[in-house]
Amino acid sequence: MSLVSPAVLFRGRSRPAATPGLAAWVAGPAAAVLVVLLLPSLLSQYWLFVATSAAIFALAVYSAGIVTGLAGMMTLCQLSFAAIGAWTFADLNTHGTLPFLVQVLVSGLVAVPFGLVIGLPALRLRGINLAVVTLAFAIAIDAYLTNHIFPGSAGLTSVLVPSFFSSTTAYFDFSWITVVVLFIVVSLLRHGRVGSSWLAVRQSERATAAIGSSVPWAKLTAFAVSAFIAGIAGALTAGQLGILAESNFDVTGSITLFAVAVMVGSQNPEGAVLGGVLYAFLPVVLPMIGISDDWGNLLFAFGAIQALMKGGGGASNDLRRLFRGVFGKVFGAAAAQDARLGDAVSSASATKGVRERATQRAGAKPAFEIRDLSVRYGEVTALSDVSLSVAPGQVAGLIGPNGAGKSTLVDAASGFIRSYQGSVLVDGQPIDRLGAHRRARAGLRRSFQQDRTIHDLSVGAYLDLAAGHRVSRDKRRELLEFFVCPPPEVRLGSVDLMSRRLVEIAGAVASAPKVVLLDEPAAGLSPQESAALGERLTEIPERFGSSVLLIEHDIELVQTACQWVTVMDFGSVIASAEPAEALGDPAVASAYLGQVASAA
Amino acid sequence: MIQAGITGLSAGGAYAALGVCVVLLYRMVAVVNFSLAAAAADGWFVLLVLHQHGMAYGPAALIGVATGAAVSAIVGTIMALWFAEADVRTKSTIGIAAFIAINTISFRVFGDNARPIPTQLTGRAFELGGVYVTGSTVAAIVGSVVLAIAVSAVLAKTRIGSELRALSERPRTAELMGMSVRLRTISVWAVVGAIATIAMLAIGPQQSSSFSAMSLLVVPAFAAALVGLFRNFYATVIGGIAIGVIQGMASESSTFAQYQDVVPFVIIVVAILWAQRGEVWDVAR
């Protein structure tokens, strides 16, 4: 058997882009604090008031960015969350005795359950239907506010702010410091597992569930955090204006806010600040140059259209790319060097060839088993009484011509087809009642034929998310080197398909599952690349403790990598044996070549 | 109560017609069009302005319908030129941006002043089993049902219908068969704009004169469309009429009257939860 250096796997890879480092974490907040401290001495009271509005709008725009930009759901009701926060604040303020800061905090918290309620329909639906729900919610809240006056506003009782914060300058400082604090908190979330799961849901809900991350959890946390921040923005509005009206939070405001969020790319803090500044200052500045204030909305509308035409996630992402283009060469070169290093190390370990060692342990209960699995779509039977099992430590193959039902089997086993008959067991335990992400956590991982890695995550963050915990440095190094992956700080979207596929497999084994179902991992690879991949697959049980079910078209790969092969045709198993025997079966030859099987 | 429900019928008929427009656009060009009612409201306001300046109702209405069609076609052109291949989320975001743009410009053009409502539209009322039914109510209901039948028939039975379905399901294939995608896409937008404006003429006299309130009539239309799962025109009509009737009945009660605008939200949530009960996320594989 000829061995190909895994360096082949890296052939022709594009220069990967690194994720921003520590500098961005320190520089951003530091610059913000500096500006906040300097501005009061430069601006008049009037402009400070407008700049305070900019802080509040920055929060509102950011809250839209979390749901829209990060988690990929459309929201048209952010000002309704703000209204709930403002209402709570006004109520606490006029009746209660809670300290001011607690009032602000509670206002944000009260908006959270509303965010969760709106997030609930989102559990089942994506983007566009959700936009309809949020818009209808915004109208419903608007209807309520039209008929009910904000607490205290009837008697023109102004909301009271403690004297410490009551000057325009102090309130300006307070608002912007709140912005900086909340941005840091959300940025920490964003770079942790919660934030990774938001990005994962935006990219593909299936992939999210397949790597064991809960789709409902990701969506609900995004809405909860978003509603909290919008609620705080509402409380700050109440503190700034003193007396509130429905028009501060009307539906068209929410819709415009969404357009601003799209235009500036408000998932990034600097984008949100830009959005807040535009939203607050344009209506004030435009009249000064003889243009009516509402034309600002037109700018937001066309800005959003322009951002979508260009693609790439809004103005702040454009700025980031520009920044990377200027300063990023150093990053890029270092990353590429690291990748080559990875090549060298793993090629040494991969050539050992451990296929013989990974033997089937007789008598142990199967790591993965399918019993009498049937799937029907109306009159069409996709799978009919399929049974197969994969022993612990085994690399098994599942082959069959196009339309044999292989991918249907993977979908059913991994929880993406609910209405099947029969049973799926992992480590002897039936998992039929579990949803997709619970199956993944129960020890069944899968890869997808088409690339479903999360492009906005770094390789390291993807591994953490897929593993279900923070992967230790040593383990990460081992995984990445073994599968010849790009270095951990590289963004997945910036590497080629082959690398993404390897990272996907590395992520699947990172959680040490009982079994990994690999759905045509060699599709689109050259014979050399596929042979090199096969080498690695045979080592997975030994190194990582997971059994493998390899679904493939590539007979050669199956022959080299698998100890047991199941062959399917037209939704049924037609052979199940050791590779040589199974592939020699006349029924198998007939299935592949379309000939009538000669009598055996 | 019954009288109030009957009164709600005419709004319901208009919601139904707008809902049919939403479904038609969704099925033909895969857009959830937030700017639908805004474009139609332009048509209505043009009618009001022309009528105010002494033009007869008929020609003014024709020009109004043409205006609604034109505004809708402009949005359609943006879609066809730059977003033909975009996903439904991107396209619908463009619809939201168009909503804002149309609102902003129209507010400039038409202002906030109250205008006299043409009286031709209120029509003669007749009594039926103790309740009064106006001509416009009958027109709205019959109109929306006829619209659903006509749209279904055109899509199912005619050559242009097959072409449009081909375009929506396999734009590439249709283009390779020699169809002009752009022209047909823009035409669909224009026709939908015209129909929506006609619906707006029916509902306009009962609505407040604020442009932004009229442009938000797209929300009950969405609710109706969701009842039809963005596919079925007849269920959409039933949904639209139901929303109108429930709102009409709510307007009777002093407690519920202020919550009329909550009705679409409730119907949307129920429809969505029911419609998507069996889905396991995005497309297979």
# chains A, B, ... in the order shown; residues from 1 in each chain; ligands from 1
call {"tool": "residues_around", "arguments": {"residues": "Ala139 (chain B)", "least_positions_apart": "3", "cutoff": "12 Å", "atoms": "only C-alpha atoms", "output": "ChimeraX atom specification"}}
result
/B:9-14,17,121-125,133-136,142-147,198-199,201-203
call {"tool": "write_last_selection", "arguments": {"atoms": "N, CA and C atoms", "output": "mmCIF file, in the first residue's frame"}}
result
data_model
loop_
_atom_site.group_PDB
_atom_site.id
_atom_site.type_symbol
_atom_site.label_atom_id
_atom_site.label_comp_id
_atom_site.auth_asym_id
_atom_site.auth_seq_id
_atom_site.Cartn_x
_atom_site.Cartn_y
_atom_site.Cartn_z
ATOM 1 N N LEU B 9 -65.993 42.422 8.287
ATOM 2 C CA LEU B 9 -65.817 41.638 7.061
ATOM 3 C C LEU B 9 -65.086 42.399 5.964
ATOM 4 N N SER B 10 -65.397 43.683 5.843
ATOM 5 C CA SER B 10 -64.794 44.386 4.704
ATOM 6 C C SER B 10 -63.292 44.563 4.928
ATOM 7 N N ALA B 11 -62.895 44.871 6.194
ATOM 8 C CA ALA B 11 -61.458 44.902 6.476
ATOM 9 C C ALA B 11 -60.870 43.517 6.232
ATOM 10 N N GLY B 12 -61.609 42.486 6.659
ATOM 11 C CA GLY B 12 -61.137 41.119 6.478
ATOM 12 C C GLY B 12 -60.916 40.781 5.016
ATOM 13 N N GLY B 13 -61.847 41.243 4.165
ATOM 14 C CA GLY B 13 -61.687 40.995 2.738
ATOM 15 C C GLY B 13 -60.416 41.637 2.201
ATOM 16 N N ALA B 14 -60.141 42.854 2.692
ATOM 17 C CA ALA B 14 -58.928 43.538 2.239
ATOM 18 C C ALA B 14 -57.676 42.829 2.757
ATOM 19 N N ALA B 17 -57.143 39.879 0.587
ATOM 20 C CA ALA B 17 -56.552 40.192 -0.723
ATOM 21 C C ALA B 17 -55.066 40.513 -0.577
ATOM 22 N N LEU B 121 -67.196 55.312 -2.186
ATOM 23 C CA LEU B 121 -66.793 53.988 -1.742
ATOM 24 C C LEU B 121 -67.685 53.404 -0.665
ATOM 25 N N THR B 122 -68.285 54.251 0.151
ATOM 26 C CA THR B 122 -69.039 53.698 1.269
ATOM 27 C C THR B 122 -70.227 52.877 0.774
ATOM 28 N N GLY B 123 -70.819 53.276 -0.346
ATOM 29 C CA GLY B 123 -71.826 52.453 -1.003
ATOM 30 C C GLY B 123 -73.141 52.386 -0.247
ATOM 31 N N ARG B 124 -74.082 51.703 -0.848
ATOM 32 C CA ARG B 124 -75.394 51.580 -0.227
ATOM 33 C C ARG B 124 -75.403 50.387 0.709
ATOM 34 N N ALA B 125 -76.088 50.537 1.830
ATOM 35 C CA ALA B 125 -76.191 49.426 2.767
ATOM 36 C C ALA B 125 -77.526 48.726 2.565
ATOM 37 N N VAL B 133 -75.470 45.320 5.868
ATOM 38 C CA VAL B 133 -74.295 44.952 5.095
ATOM 39 C C VAL B 133 -74.093 46.028 4.037
ATOM 40 N N THR B 134 -72.899 46.575 3.962
ATOM 41 C CA THR B 134 -72.663 47.627 2.970
ATOM 42 C C THR B 134 -72.158 47.005 1.663
ATOM 43 N N GLY B 135 -72.279 47.788 0.629
ATOM 44 C CA GLY B 135 -71.814 47.340 -0.676
ATOM 45 C C GLY B 135 -70.329 47.032 -0.663
ATOM 46 N N SER B 136 -69.566 47.860 0.066
ATOM 47 C CA SER B 136 -68.110 47.660 0.059
ATOM 48 C C SER B 136 -67.745 46.355 0.753
ATOM 49 N N VAL B 142 -66.335 39.270 -1.907
ATOM 50 C CA VAL B 142 -66.401 38.640 -3.225
ATOM 51 C C VAL B 142 -65.065 38.843 -3.952
ATOM 52 N N GLY B 143 -64.556 40.066 -3.858
ATOM 53 C CA GLY B 143 -63.299 40.377 -4.545
ATOM 54 C C GLY B 143 -62.162 39.476 -4.100
ATOM 55 N N SER B 144 -62.021 39.271 -2.773
ATOM 56 C CA SER B 144 -60.888 38.476 -2.303
ATOM 57 C C SER B 144 -61.031 37.010 -2.701
ATOM 58 N N VAL B 145 -62.292 36.521 -2.664
ATOM 59 C CA VAL B 145 -62.494 35.114 -3.069
ATOM 60 C C VAL B 145 -62.207 34.949 -4.561
ATOM 61 N N VAL B 146 -62.734 35.881 -5.360
ATOM 62 C CA VAL B 146 -62.491 35.814 -6.806
ATOM 63 C C VAL B 146 -60.988 35.894 -7.094
ATOM 64 N N LEU B 147 -60.314 36.764 -6.337
ATOM 65 C CA LEU B 147 -58.874 36.911 -6.530
ATOM 66 C C LEU B 147 -58.157 35.587 -6.284
ATOM 67 N N ILE B 198 -55.674 47.941 -5.054
ATOM 68 C CA ILE B 198 -57.137 47.802 -5.124
ATOM 69 C C ILE B 198 -57.686 47.414 -3.741
ATOM 70 N N ALA B 199 -56.982 46.469 -3.070
ATOM 71 C CA ALA B 199 -57.402 46.088 -1.718
ATOM 72 C C ALA B 199 -57.346 47.294 -0.789
ATOM 73 N N LEU B 201 -57.771 50.386 -1.597
ATOM 74 C CA LEU B 201 -58.891 51.277 -1.877
ATOM 75 C C LEU B 201 -60.129 50.833 -1.096
ATOM 76 N N ALA B 202 -60.244 49.505 -0.905
ATOM 77 C CA ALA B 202 -61.403 48.996 -0.178
ATOM 78 C C ALA B 202 -61.304 49.295 1.308
ATOM 79 N N ILE B 203 -60.095 49.213 1.840
ATOM 80 C CA ILE B 203 -59.945 49.341 3.291
ATOM 81 C C ILE B 203 -59.635 50.780 3.701
#
call {"tool": "residues_around", "arguments": {"residues": "region 166-176 of chain B", "least_positions_apart": "3", "cutoff": "7 Å", "atoms": "only C-alpha atoms", "output": "list in words"}}
result
Arg27, Met28, Val29, Ser162, Glu163, Met179, Ser180 and Val181 of chain B
call {"tool": "write_last_selection", "arguments": {"atoms": "all heavy atoms", "output": "PDB file, in the first residue's frame"}}
result
ATOM      1  N   ARG B  27     -44.455  32.829  -3.304  1.00  0.00           N
ATOM      2  CA  ARG B  27     -44.355  31.632  -4.147  1.00  0.00           C
ATOM      3  C   ARG B  27     -43.623  31.907  -5.446  1.00  0.00           C
ATOM      4  O   ARG B  27     -42.916  31.054  -5.960  1.00  0.00           O
ATOM      5  CB  ARG B  27     -45.755  31.083  -4.438  1.00  0.00           C
ATOM      6  CG  ARG B  27     -46.294  30.268  -3.276  1.00  0.00           C
ATOM      7  CD  ARG B  27     -47.648  29.678  -3.560  1.00  0.00           C
ATOM      8  NE  ARG B  27     -47.663  28.826  -4.764  1.00  0.00           N
ATOM      9  CZ  ARG B  27     -48.735  28.143  -5.145  1.00  0.00           C
ATOM     10  NH1 ARG B  27     -49.829  28.205  -4.439  1.00  0.00           N
ATOM     11  NH2 ARG B  27     -48.705  27.430  -6.239  1.00  0.00           N
ATOM     12  N   MET B  28     -43.798  33.093  -5.988  1.00  0.00           N
ATOM     13  CA  MET B  28     -43.198  33.381  -7.291  1.00  0.00           C
ATOM     14  C   MET B  28     -41.742  33.806  -7.180  1.00  0.00           C
ATOM     15  O   MET B  28     -40.915  33.379  -7.960  1.00  0.00           O
ATOM     16  CB  MET B  28     -43.994  34.486  -8.005  1.00  0.00           C
ATOM     17  CG  MET B  28     -45.371  34.076  -8.426  1.00  0.00           C
ATOM     18  SD  MET B  28     -45.347  32.684  -9.565  1.00  0.00           S
ATOM     19  CE  MET B  28     -45.726  31.329  -8.494  1.00  0.00           C
ATOM     20  N   VAL B  29     -41.416  34.670  -6.244  1.00  0.00           N
ATOM     21  CA  VAL B  29     -40.050  35.194  -6.213  1.00  0.00           C
ATOM     22  C   VAL B  29     -39.376  35.024  -4.849  1.00  0.00           C
ATOM     23  O   VAL B  29     -38.322  35.610  -4.602  1.00  0.00           O
ATOM     24  CB  VAL B  29     -39.993  36.681  -6.643  1.00  0.00           C
ATOM     25  CG1 VAL B  29     -40.250  36.796  -8.128  1.00  0.00           C
ATOM     26  CG2 VAL B  29     -40.989  37.522  -5.884  1.00  0.00           C
ATOM     27  N   SER B 162     -47.467  28.407 -15.703  1.00  0.00           N
ATOM     28  CA  SER B 162     -46.405  27.396 -15.667  1.00  0.00           C
ATOM     29  C   SER B 162     -45.043  28.061 -15.713  1.00  0.00           C
ATOM     30  O   SER B 162     -44.106  27.663 -15.029  1.00  0.00           O
ATOM     31  CB  SER B 162     -46.502  26.446 -16.857  1.00  0.00           C
ATOM     32  OG  SER B 162     -47.824  26.189 -17.162  1.00  0.00           O
ATOM     33  N   GLU B 163     -44.940  29.100 -16.563  1.00  0.00           N
ATOM     34  CA  GLU B 163     -43.653  29.791 -16.666  1.00  0.00           C
ATOM     35  C   GLU B 163     -43.261  30.397 -15.326  1.00  0.00           C
ATOM     36  O   GLU B 163     -42.115  30.292 -14.892  1.00  0.00           O
ATOM     37  CB  GLU B 163     -43.745  30.894 -17.717  1.00  0.00           C
ATOM     38  CG  GLU B 163     -43.729  30.361 -19.130  1.00  0.00           C
ATOM     39  CD  GLU B 163     -43.735  31.486 -20.162  1.00  0.00           C
ATOM     40  OE1 GLU B 163     -43.646  32.662 -19.749  1.00  0.00           O
ATOM     41  OE2 GLU B 163     -43.836  31.181 -21.337  1.00  0.00           O
ATOM     42  N   MET B 179     -36.434  31.868 -20.928  1.00  0.00           N
ATOM     43  CA  MET B 179     -37.332  32.856 -20.338  1.00  0.00           C
ATOM     44  C   MET B 179     -36.513  34.016 -19.767  1.00  0.00           C
ATOM     45  O   MET B 179     -35.438  33.804 -19.224  1.00  0.00           O
ATOM     46  CB  MET B 179     -38.108  32.224 -19.187  1.00  0.00           C
ATOM     47  CG  MET B 179     -39.019  31.106 -19.611  1.00  0.00           C
ATOM     48  SD  MET B 179     -39.854  30.466 -18.160  1.00  0.00           S
ATOM     49  CE  MET B 179     -40.307  28.853 -18.753  1.00  0.00           C
ATOM     50  N   SER B 180     -37.065  35.201 -19.875  1.00  0.00           N
ATOM     51  CA  SER B 180     -36.404  36.339 -19.265  1.00  0.00           C
ATOM     52  C   SER B 180     -36.847  36.438 -17.809  1.00  0.00           C
ATOM     53  O   SER B 180     -37.991  36.748 -17.510  1.00  0.00           O
ATOM     54  CB  SER B 180     -36.770  37.622 -20.001  1.00  0.00           C
ATOM     55  OG  SER B 180     -36.560  38.711 -19.140  1.00  0.00           O
ATOM     56  N   VAL B 181     -35.922  36.138 -16.918  1.00  0.00           N
ATOM     57  CA  VAL B 181     -36.264  36.123 -15.503  1.00  0.00           C
ATOM     58  C   VAL B 181     -36.616  37.525 -15.016  1.00  0.00           C
ATOM     59  O   VAL B 181     -37.625  37.735 -14.351  1.00  0.00           O
ATOM     60  CB  VAL B 181     -35.100  35.534 -14.679  1.00  0.00           C
ATOM     61  CG1 VAL B 181     -35.392  35.646 -13.198  1.00  0.00           C
ATOM     62  CG2 VAL B 181     -34.863  34.098 -15.061  1.00  0.00           C
TER      63      VAL B 181
END
call {"tool": "residues_around", "arguments": {"residues": "region 298-309 of chain A", "least_positions_apart": "3", "cutoff": "8 Å", "atoms": "only C-alpha atoms", "output": "ChimeraX atom specification"}}
result
/A:256,259-260,262-264,294-295,312-315 /B:82-83,90,94,97-98,100-101,104-105
call {"tool": "write_last_selection", "arguments": {"atoms": "C-alpha atoms", "output": "PDB file, in the first residue's frame"}}
result
ATOM      1  CA  THR A 256     -35.327  51.466  11.244  1.00  0.00           C
ATOM      2  CA  ALA A 259     -31.900  48.556   8.967  1.00  0.00           C
ATOM      3  CA  VAL A 260     -29.192  50.426  10.887  1.00  0.00           C
ATOM      4  CA  VAL A 262     -27.717  45.575   8.954  1.00  0.00           C
ATOM      5  CA  MET A 263     -25.981  48.631   7.551  1.00  0.00           C
ATOM      6  CA  VAL A 264     -23.292  48.961  10.206  1.00  0.00           C
ATOM      7  CA  ASP A 294     -36.367  62.216   8.429  1.00  0.00           C
ATOM      8  CA  TRP A 295     -34.162  61.811   5.364  1.00  0.00           C
ATOM      9  CA  GLY A 312     -19.816  40.592   4.117  1.00  0.00           C
ATOM     10  CA  GLY A 313     -21.746  41.747   7.158  1.00  0.00           C
ATOM     11  CA  GLY A 314     -21.953  45.532   7.190  1.00  0.00           C
ATOM     12  CA  ALA A 315     -19.672  48.530   7.576  1.00  0.00           C
TER      13      ALA A 315
ATOM     14  CA  TRP B  82     -29.149  42.710  -7.636  1.00  0.00           C
ATOM     15  CA  PHE B  83     -30.773  40.078  -5.457  1.00  0.00           C
ATOM     16  CA  THR B  90     -31.597  38.825   2.333  1.00  0.00           C
ATOM     17  CA  ILE B  94     -34.445  44.428   1.188  1.00  0.00           C
ATOM     18  CA  ALA B  97     -35.395  48.620   3.694  1.00  0.00           C
ATOM     19  CA  ALA B  98     -37.901  49.384   0.922  1.00  0.00           C
ATOM     20  CA  ILE B 100     -38.509  52.425   5.337  1.00  0.00           C
ATOM     21  CA  ALA B 101     -37.620  54.202   2.105  1.00  0.00           C
ATOM     22  CA  THR B 104     -39.872  58.275   4.410  1.00  0.00           C
ATOM     23  CA  ILE B 105     -40.424  59.553   0.892  1.00  0.00           C
TER      24      ILE B 105
END
call {"tool": "closest_residue", "arguments": {"among": "B:Arg115, B:Arg184, B:Arg165, B:Arg89", "to": "chain A", "atoms": "only C-alpha atoms"}}
result
B:Arg89
call {"tool": "interface_residues", "arguments": {"of": "chain A", "to": "chain B", "cutoff": "8 Å", "atoms": "only C-alpha atoms", "output": "short mmCIF file (atom, residue, chain, number, x, y, z; two decimals) with N, CA and C atoms, in the first residue's frame"}}
result
data_model
loop_
_atom_site.label_atom_id
_atom_site.label_comp_id
_atom_site.auth_asym_id
_atom_site.auth_seq_id
_atom_site.Cartn_x
_atom_site.Cartn_y
_atom_site.Cartn_z
N PRO A 121 -41.27 30.98 19.66
CA PRO A 121 -41.60 30.57 18.28
C PRO A 121 -40.34 30.35 17.45
N ARG A 124 -38.76 26.90 16.56
CA ARG A 124 -39.17 26.09 15.43
C ARG A 124 -38.92 26.78 14.11
N LEU A 125 -38.70 28.07 14.10
CA LEU A 125 -38.62 28.73 12.81
C LEU A 125 -37.40 29.61 12.68
N GLY A 127 -35.22 32.70 10.31
CA GLY A 127 -35.22 34.07 9.83
C GLY A 127 -36.55 34.73 9.59
N ILE A 128 -37.15 34.39 8.48
CA ILE A 128 -38.14 35.31 7.96
C ILE A 128 -39.46 35.24 8.71
N ASN A 129 -39.89 34.03 9.08
CA ASN A 129 -41.12 33.94 9.85
C ASN A 129 -40.96 34.64 11.19
N VAL A 132 -41.62 38.23 10.98
CA VAL A 132 -43.06 38.50 11.00
C VAL A 132 -43.58 38.49 12.45
N VAL A 133 -43.14 37.49 13.22
CA VAL A 133 -43.59 37.41 14.62
C VAL A 133 -43.15 38.65 15.39
N LEU A 135 -42.37 41.59 14.32
CA LEU A 135 -43.06 42.81 13.88
C LEU A 135 -44.47 42.86 14.47
N ALA A 136 -45.15 41.72 14.45
CA ALA A 136 -46.50 41.69 15.03
C ALA A 136 -46.44 41.99 16.53
N PHE A 137 -45.39 41.48 17.20
CA PHE A 137 -45.22 41.76 18.63
C PHE A 137 -45.01 43.25 18.86
N ILE A 139 -46.08 45.66 17.07
CA ILE A 139 -47.36 46.36 16.89
C ILE A 139 -48.26 46.16 18.11
N ALA A 140 -48.22 44.93 18.67
CA ALA A 140 -49.04 44.66 19.85
C ALA A 140 -48.60 45.53 21.03
N ALA A 143 -49.67 49.00 20.46
CA ALA A 143 -51.09 49.19 20.75
C ALA A 143 -51.30 49.39 22.25
N TYR A 144 -50.57 48.63 23.05
CA TYR A 144 -50.70 48.77 24.50
C TYR A 144 -50.25 50.16 24.94
N ASN A 147 -52.52 53.06 24.38
CA ASN A 147 -53.70 53.15 25.25
C ASN A 147 -53.36 53.29 26.73
N SER A 204 -25.77 26.97 10.49
CA SER A 204 -26.61 25.81 10.20
C SER A 204 -27.13 25.21 11.49
N GLU A 205 -28.45 25.14 11.59
CA GLU A 205 -29.04 24.56 12.80
C GLU A 205 -28.72 23.08 12.91
N ARG A 206 -28.69 22.42 11.76
CA ARG A 206 -28.39 20.99 11.77
C ARG A 206 -26.98 20.73 12.30
N THR A 252 -42.04 51.82 13.72
CA THR A 252 -41.13 52.21 12.65
C THR A 252 -39.72 52.42 13.19
N ILE A 255 -38.11 49.08 13.24
CA ILE A 255 -37.78 48.64 11.88
C ILE A 255 -36.53 49.37 11.39
N THR A 256 -36.49 50.69 11.65
CA THR A 256 -35.33 51.47 11.24
C THR A 256 -34.07 50.97 11.95
N ALA A 259 -32.64 48.15 10.16
CA ALA A 259 -31.90 48.56 8.97
C ALA A 259 -30.52 49.09 9.35
N ASP A 294 -35.95 63.59 8.71
CA ASP A 294 -36.37 62.22 8.43
C ASP A 294 -35.65 61.60 7.22
N TRP A 295 -34.93 62.40 6.46
CA TRP A 295 -34.16 61.81 5.36
C TRP A 295 -33.09 60.86 5.88
N ASN A 297 -33.55 58.42 7.74
CA ASN A 297 -34.09 57.07 7.57
C ASN A 297 -33.81 56.52 6.18
N LEU A 298 -33.89 57.42 5.19
CA LEU A 298 -33.63 57.00 3.81
C LEU A 298 -32.19 56.50 3.68
N PHE A 300 -30.47 55.17 6.05
CA PHE A 300 -30.36 53.85 6.68
C PHE A 300 -30.90 52.77 5.74
N ALA A 301 -32.03 53.08 5.07
CA ALA A 301 -32.61 52.10 4.16
C ALA A 301 -31.64 51.75 3.05
N PHE A 302 -31.09 52.79 2.39
CA PHE A 302 -30.18 52.51 1.28
C PHE A 302 -28.85 51.96 1.79
N ALA A 304 -28.57 49.88 4.26
CA ALA A 304 -28.79 48.45 4.48
C ALA A 304 -28.78 47.72 3.14
N ILE A 305 -29.43 48.30 2.12
CA ILE A 305 -29.45 47.65 0.80
C ILE A 305 -28.02 47.54 0.27
N LEU A 308 -26.07 44.81 1.95
CA LEU A 308 -26.45 43.47 1.50
C LEU A 308 -25.94 43.21 0.08
N MET A 309 -25.92 44.26 -0.75
CA MET A 309 -25.40 44.08 -2.11
C MET A 309 -23.94 43.68 -2.06
N SER A 407 -27.57 8.11 3.18
CA SER A 407 -27.66 9.38 3.91
C SER A 407 -28.95 9.48 4.71
N ASP A 411 -29.20 10.45 8.60
CA ASP A 411 -30.12 11.47 9.09
C ASP A 411 -31.06 10.91 10.16
N PHE A 416 -32.38 13.66 12.64
CA PHE A 416 -32.94 14.68 11.75
C PHE A 416 -34.18 14.18 11.01
N ILE A 417 -34.46 12.90 11.13
CA ILE A 417 -35.74 12.38 10.62
C ILE A 417 -36.40 11.74 11.82
N ARG A 418 -37.52 12.30 12.23
CA ARG A 418 -38.12 11.80 13.47
C ARG A 418 -39.03 10.60 13.25
N PHE A 448 -21.17 15.94 7.83
CA PHE A 448 -22.10 16.16 6.73
C PHE A 448 -21.39 16.07 5.40
N GLN A 449 -22.14 15.66 4.37
CA GLN A 449 -21.57 15.63 3.02
C GLN A 449 -21.15 17.01 2.58
N GLN A 450 -22.08 17.97 2.79
CA GLN A 450 -21.74 19.34 2.42
C GLN A 450 -21.15 20.04 3.64
#
call {"tool": "residues_around", "arguments": {"residues": "His469 (chain A)", "least_positions_apart": "4", "cutoff": "9 Å", "atoms": "only C-alpha atoms", "output": "PyMOL selection string"}}
result
chain A and resi 193+463-465+511
call {"tool": "write_last_selection", "arguments": {"atoms": "C-alpha atoms", "output": "PDB file, in the first residue's frame"}}
result
ATOM      1  CA  ARG A 193     -19.267  28.606  24.094  1.00  0.00           C
ATOM      2  CA  LEU A 463     -13.310  22.354  18.656  1.00  0.00           C
ATOM      3  CA  ASP A 464     -14.418  23.747  22.030  1.00  0.00           C
ATOM      4  CA  LEU A 465     -18.009  23.994  20.839  1.00  0.00           C
ATOM      5  CA  SER A 511     -15.882  14.828  22.533  1.00  0.00           C
TER       6      SER A 511
END
call {"tool": "atom_distance", "arguments": {"atom1": "CA of Gln207 (chain B)", "atom2": "CA of Gly239 (chain B)"}}
result
19.9 Å
call {"tool": "residues_around", "arguments": {"residues": "region 369-375 of chain A", "least_positions_apart": "3", "cutoff": "7 Å", "atoms": "only C-alpha atoms", "output": "list in words"}}
result
Pro366, Thr381, Ala382, Leu383, Ser384, Asp385, Val386, Ser387, Leu388, Ser389, Val390, Tyr420, Gln421, Gly422, Ser423, Val424, Leu425 and Val426 of chain A
call {"tool": "closest_residue", "arguments": {"among": "A:Leu525, A:Val112, A:Ala580, A:Ala461", "to": "Pro487 (chain A)", "atoms": "only C-alpha atoms"}}
result
A:Ala461
call {"tool": "residues_around", "arguments": {"residues": "region 78-88 of chain A", "least_positions_apart": "6", "cutoff": "7 Å", "atoms": "only C-alpha atoms", "output": "CSV table (one decimal) with C-alpha atoms, in the first residue's frame"}}
result
chain,number,residue,atom,x,y,z
A,60,ALA,CA,-30.3,49.2,21.2
A,64,ALA,CA,-30.4,43.9,17.4
A,107,SER,CA,-35.4,47.0,34.0
A,108,GLY,CA,-33.1,45.0,31.8
A,110,VAL,CA,-37.8,42.3,33.3
A,111,ALA,CA,-37.4,42.5,29.5
A,138,ALA,CA,-43.9,45.3,18.1
A,141,ILE,CA,-46.8,46.5,22.3
A,150,PHE,CA,-46.1,55.4,31.1
A,151,PRO,CA,-46.1,55.3,34.9
A,227,ALA,CA,-33.8,41.8,25.4
A,230,ALA,CA,-32.5,46.6,24.9
A,231,GLY,CA,-34.3,46.8,28.3
A,232,ILE,CA,-31.3,48.6,29.8
A,233,ALA,CA,-31.3,51.0,26.9
A,234,GLY,CA,-35.0,51.7,27.6
A,235,ALA,CA,-34.2,52.4,31.3
A,237,THR,CA,-33.8,56.5,27.9
A,238,ALA,CA,-36.3,57.0,30.8
A,249,PHE,CA,-40.5,53.3,21.1
A,253,GLY,CA,-38.3,53.0,15.1
A,254,SER,CA,-37.7,49.3,15.6
call {"tool": "select_by_dssp", "arguments": {"residues": "region 100-280 of chain A", "states": "alpha helix (DSSP H)", "output": "PyMOL selection string"}}
result
chain A and resi 100-122+127-147+163-166+168-190+193-203+205-210+215-241+251-264+269-280
